[in-house]
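Student: The following file, query_29.pdb, comprises PDB, C-alpha atoms, pLDDT in the B column:
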ATOM      1  CA  MET U 619      85.396  92.258  81.029  1.00 79.00           C
ATOM      2  CA  GLN U 620      88.407  92.199  83.325  1.00 90.00           C
ATOM      3  CA  GLN U 621      89.168  95.209  85.544  1.00 91.00           C
ATOM      4  CA  PRO U 622      92.116  97.247  84.176  1.00 96.00           C
ATOM      5  CA  ARG U 623      95.318  97.027  86.212  1.00 96.00           C
ATOM      6  CA  ALA U 624      98.270  99.373  86.646  1.00 97.00           C
ATOM      7  CA  ILE U 625     101.511  99.603  88.574  1.00 97.00           C
ATOM      8  CA  VAL U 626     102.544 103.079  89.727  1.00 97.00           C
ATOM      9  CA  ILE U 627     106.252 103.490  90.443  1.00 97.00           C
ATOM     10  CA  GLY U 628     106.867 106.001  93.233  1.00 93.00           C
ATOM     11  CA  ALA U 629     104.598 107.316  95.972  1.00 89.00           C
ATOM     12  CA  GLY U 630     105.479 110.970  95.538  1.00 85.00           C
ATOM     13  CA  VAL U 631     102.994 113.684  94.627  1.00 81.00           C
ATOM     14  CA  GLY U 632     102.779 112.585  90.987  1.00 86.00           C
ATOM     15  CA  GLY U 633     102.561 108.866  91.677  1.00 91.00           C
ATOM     16  CA  LEU U 634      99.911 109.142  94.362  1.00 88.00           C
ATOM     17  CA  THR U 635      97.857 111.568  92.271  1.00 87.00           C
ATOM     18  CA  ALA U 636      97.995 109.174  89.314  1.00 91.00           C
ATOM     19  CA  ALA U 637      97.045 106.272  91.580  1.00 94.00           C
ATOM     20  CA  ALA U 638      94.099 108.204  93.058  1.00 90.00           C
ATOM     21  CA  ALA U 639      92.839 109.169  89.599  1.00 90.00           C
ATOM     22  CA  LEU U 640      93.071 105.601  88.277  1.00 94.00           C
ATOM     23  CA  HIS U 641      91.460 104.163  91.411  1.00 93.00           C
ATOM     24  CA  ARG U 642      88.525 106.555  91.072  1.00 89.00           C
ATOM     25  CA  ARG U 643      88.042 105.256  87.527  1.00 91.00           C
ATOM     26  CA  GLY U 644      87.887 101.642  88.693  1.00 94.00           C
ATOM     27  CA  TRP U 645      91.453 100.468  88.087  1.00 96.00           C
ATOM     28  CA  SER U 646      93.158  97.877  90.264  1.00 96.00           C
ATOM     29  CA  LEU U 647      96.488  99.344  91.416  1.00 95.00           C
ATOM     30  CA  THR U 648      99.796  98.496  92.947  1.00 97.00           C
ATOM     31  CA  VAL U 649     101.939 101.436  94.110  1.00 96.00           C
ATOM     32  CA  LEU U 650     105.634 100.655  94.501  1.00 96.00           C
ATOM     33  CA  GLU U 651     107.829 102.889  96.670  1.00 94.00           C
ATOM     34  CA  ARG U 652     111.471 102.453  97.624  1.00 94.00           C
ATOM     35  CA  ALA U 653     111.098 104.043 101.099  1.00 89.00           C
ATOM     36  CA  ALA U 654     110.146 101.620 103.866  1.00 88.00           C
ATOM     37  CA  ARG U 655     107.426 104.014 105.096  1.00 84.00           C
ATOM     38  CA  LEU U 656     105.981 107.377 104.174  1.00 78.00           C
ATOM     39  CA  GLU U 657     106.250 110.086 106.796  1.00 80.00           C
ATOM     40  CA  PRO U 658     106.560 113.876 106.926  1.00 77.00           C
ATOM     41  CA  VAL U 659     110.057 115.136 106.211  1.00 74.00           C
ATOM     42  CA  GLY U 660     109.541 118.852 106.800  1.00 71.00           C
ATOM     43  CA  ALA U 661     109.929 119.795 103.162  1.00 70.00           C
ATOM     44  CA  GLY U 662     107.812 122.422 101.475  1.00 73.00           C
ATOM     45  CA  ILE U 663     106.075 121.719  98.197  1.00 76.00           C
ATOM     46  CA  SER U 664     105.266 124.431  95.732  1.00 78.00           C
ATOM     47  CA  LEU U 665     102.583 123.758  93.130  1.00 81.00           C
ATOM     48  CA  ALA U 666     102.412 125.652  89.873  1.00 83.00           C
ATOM     49  CA  PRO U 667      98.956 126.595  88.559  1.00 87.00           C
ATOM     50  CA  ASN U 668      99.001 123.698  86.079  1.00 89.00           C
ATOM     51  CA  ALA U 669      99.699 121.238  88.903  1.00 87.00           C
ATOM     52  CA  GLN U 670      96.789 122.633  90.896  1.00 88.00           C
ATOM     53  CA  ARG U 671      94.517 122.274  87.842  1.00 90.00           C
ATOM     54  CA  ALA U 672      95.623 118.634  87.525  1.00 86.00           C
ATOM     55  CA  LEU U 673      94.666 118.058  91.166  1.00 87.00           C
ATOM     56  CA  ASP U 674      91.313 119.742  90.483  1.00 91.00           C
ATOM     57  CA  ALA U 675      90.745 117.305  87.601  1.00 87.00           C
ATOM     58  CA  VAL U 676      90.949 114.353  89.999  1.00 84.00           C
ATOM     59  CA  ASP U 677      88.902 116.105  92.716  1.00 87.00           C
ATOM     60  CA  LEU U 678      91.880 116.605  95.057  1.00 86.00           C
ATOM     61  CA  GLY U 679      92.433 120.339  94.538  1.00 90.00           C
ATOM     62  CA  ASP U 680      90.221 121.557  97.377  1.00 94.00           C
ATOM     63  CA  ASP U 681      91.765 119.047  99.812  1.00 91.00           C
ATOM     64  CA  VAL U 682      95.253 120.313  98.963  1.00 87.00           C
ATOM     65  CA  ARG U 683      94.149 123.954  99.234  1.00 89.00           C
ATOM     66  CA  ALA U 684      92.759 123.237 102.724  1.00 92.00           C
ATOM     67  CA  LEU U 685      96.244 122.120 103.829  1.00 86.00           C
ATOM     68  CA  ALA U 686      98.077 125.024 102.201  1.00 85.00           C
ATOM     69  CA  ALA U 687     100.080 127.619 104.097  1.00 80.00           C
ATOM     70  CA  TRP U 688     100.848 130.760 102.101  1.00 75.00           C
ATOM     71  CA  GLN U 689     104.532 131.640 102.331  1.00 73.00           C
ATOM     72  CA  GLY U 690     104.558 134.895 100.393  1.00 72.00           C
ATOM     73  CA  GLY U 691     105.692 135.750  96.911  1.00 73.00           C
ATOM     74  CA  GLY U 692     108.036 133.608  94.940  1.00 71.00           C
ATOM     75  CA  GLY U 693     110.219 134.226  91.972  1.00 74.00           C
ATOM     76  CA  LEU U 694     112.648 132.802  89.488  1.00 76.00           C
ATOM     77  CA  ARG U 695     116.166 134.158  89.223  1.00 82.00           C
ATOM     78  CA  THR U 696     118.946 133.587  86.756  1.00 87.00           C
ATOM     79  CA  PRO U 697     122.664 134.213  87.296  1.00 82.00           C
TER      80      PRO U 697
END
Just give me the structure as structure tokens.
Tutor:
Amino acid sequence: MQQPRAIVIGAGVGGLTAAAALHRRGWSLTVLERAARLEPVGAGISLAPNAQRALDAVDLGDDVRALAAWQGGGGLRTP
């Protein structure tokens, strides 16, 4: 049986998480990204509880938590 193959478009949080999950399940992958190289840009990323649970499902949750820096409470406002 031939190894399953996938192409992941975009090396953002979602794309790399999908690629990691597929790789751990034995898929052969190609990740395509428009940027010439990936480097820190100084942006903050906020993860909702469902996103953290998704990272837990692919065994990346604890790694992300180890890098986290609590910035205080957040909220949602409407006009």
Student: What's around Arg643 of chain U at 12 Å? Count all atoms listed in the file, leave out sequence neighbours fewer than 3 positions away in its own chain, and write the answer as an mmCIF file with C-alpha atoms, in the coordinates of the input.
Tutor:
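Below is the file that was written, result31.cif:
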data_model
loop_
_atom_site.group_PDB
_atom_site.id
_atom_site.type_symbol
_atom_site.label_atom_id
_atom_site.label_comp_id
_atom_site.auth_asym_id
_atom_site.auth_seq_id
_atom_site.Cartn_x
_atom_site.Cartn_y
_atom_site.Cartn_z
ATOM 1 C CA GLN U 621 89.168 95.209 85.544
ATOM 2 C CA PRO U 622 92.116 97.247 84.176
ATOM 3 C CA ARG U 623 95.318 97.027 86.212
ATOM 4 C CA ALA U 624 98.270 99.373 86.646
ATOM 5 C CA ALA U 636 97.995 109.174 89.314
ATOM 6 C CA ALA U 637 97.045 106.272 91.580
ATOM 7 C CA ALA U 638 94.099 108.204 93.058
ATOM 8 C CA ALA U 639 92.839 109.169 89.599
ATOM 9 C CA LEU U 640 93.071 105.601 88.277
ATOM 10 C CA SER U 646 93.158 97.877 90.264
ATOM 11 C CA LEU U 647 96.488 99.344 91.416
ATOM 12 C CA VAL U 676 90.949 114.353 89.999
#
Student: Just the number, please: distance in Å from atom CA of Pro697 of chain U to atom CA of Gln670 of chain U, one decimal.
Tutor: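 Between atom CA of Pro697 of chain U and atom CA of Gln670 of chain U the gap is 28.6 Å.
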Student: Here is a test: counting all atoms listed in the file, which residue of U:Leu673, U:Ala666, U:Ala661, U:Arg652 is nearest to Gly632 of chain U?
Tutor: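 Checking each of U:Leu673, U:Ala666, U:Ala661, U:Arg652 against Gly632 of chain U, counting all atoms listed in the file, the winner is U:Leu673.
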Student: Please indicate the distance in Å from atom CA of Glu651 of chain U to atom CA of Gly633 of chain U, rounded to one decimal place.
Tutor: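 Spanning atom CA of Glu651 of chain U to atom CA of Gly633 of chain U is a straight-line distance of 9.4 Å.
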Student: Which value, in Å to one decimal, gives the distance between atom CA of Gln620 of chain U and atom CA of Arg642 of chain U?
Tutor: 16.3 Å
Student: Which residues come within 12 Å of Leu665 of chain U, counting all atoms listed in the file, excluding same-chain residues fewer than 4 positions away, as an MDAnalysis selection string?
Tutor: chainID U and resid 631:632 669:673 679 682:683 686:688 692
Student: Which of these, U:Ile663, U:Leu678, U:Glu657, U:Asn668, has the shortest distance to Leu634 of chain U once you count only C-alpha atoms?
Tutor: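 Using only C-alpha atoms, the shortest distance to Leu634 of chain U belongs to U:Leu678.
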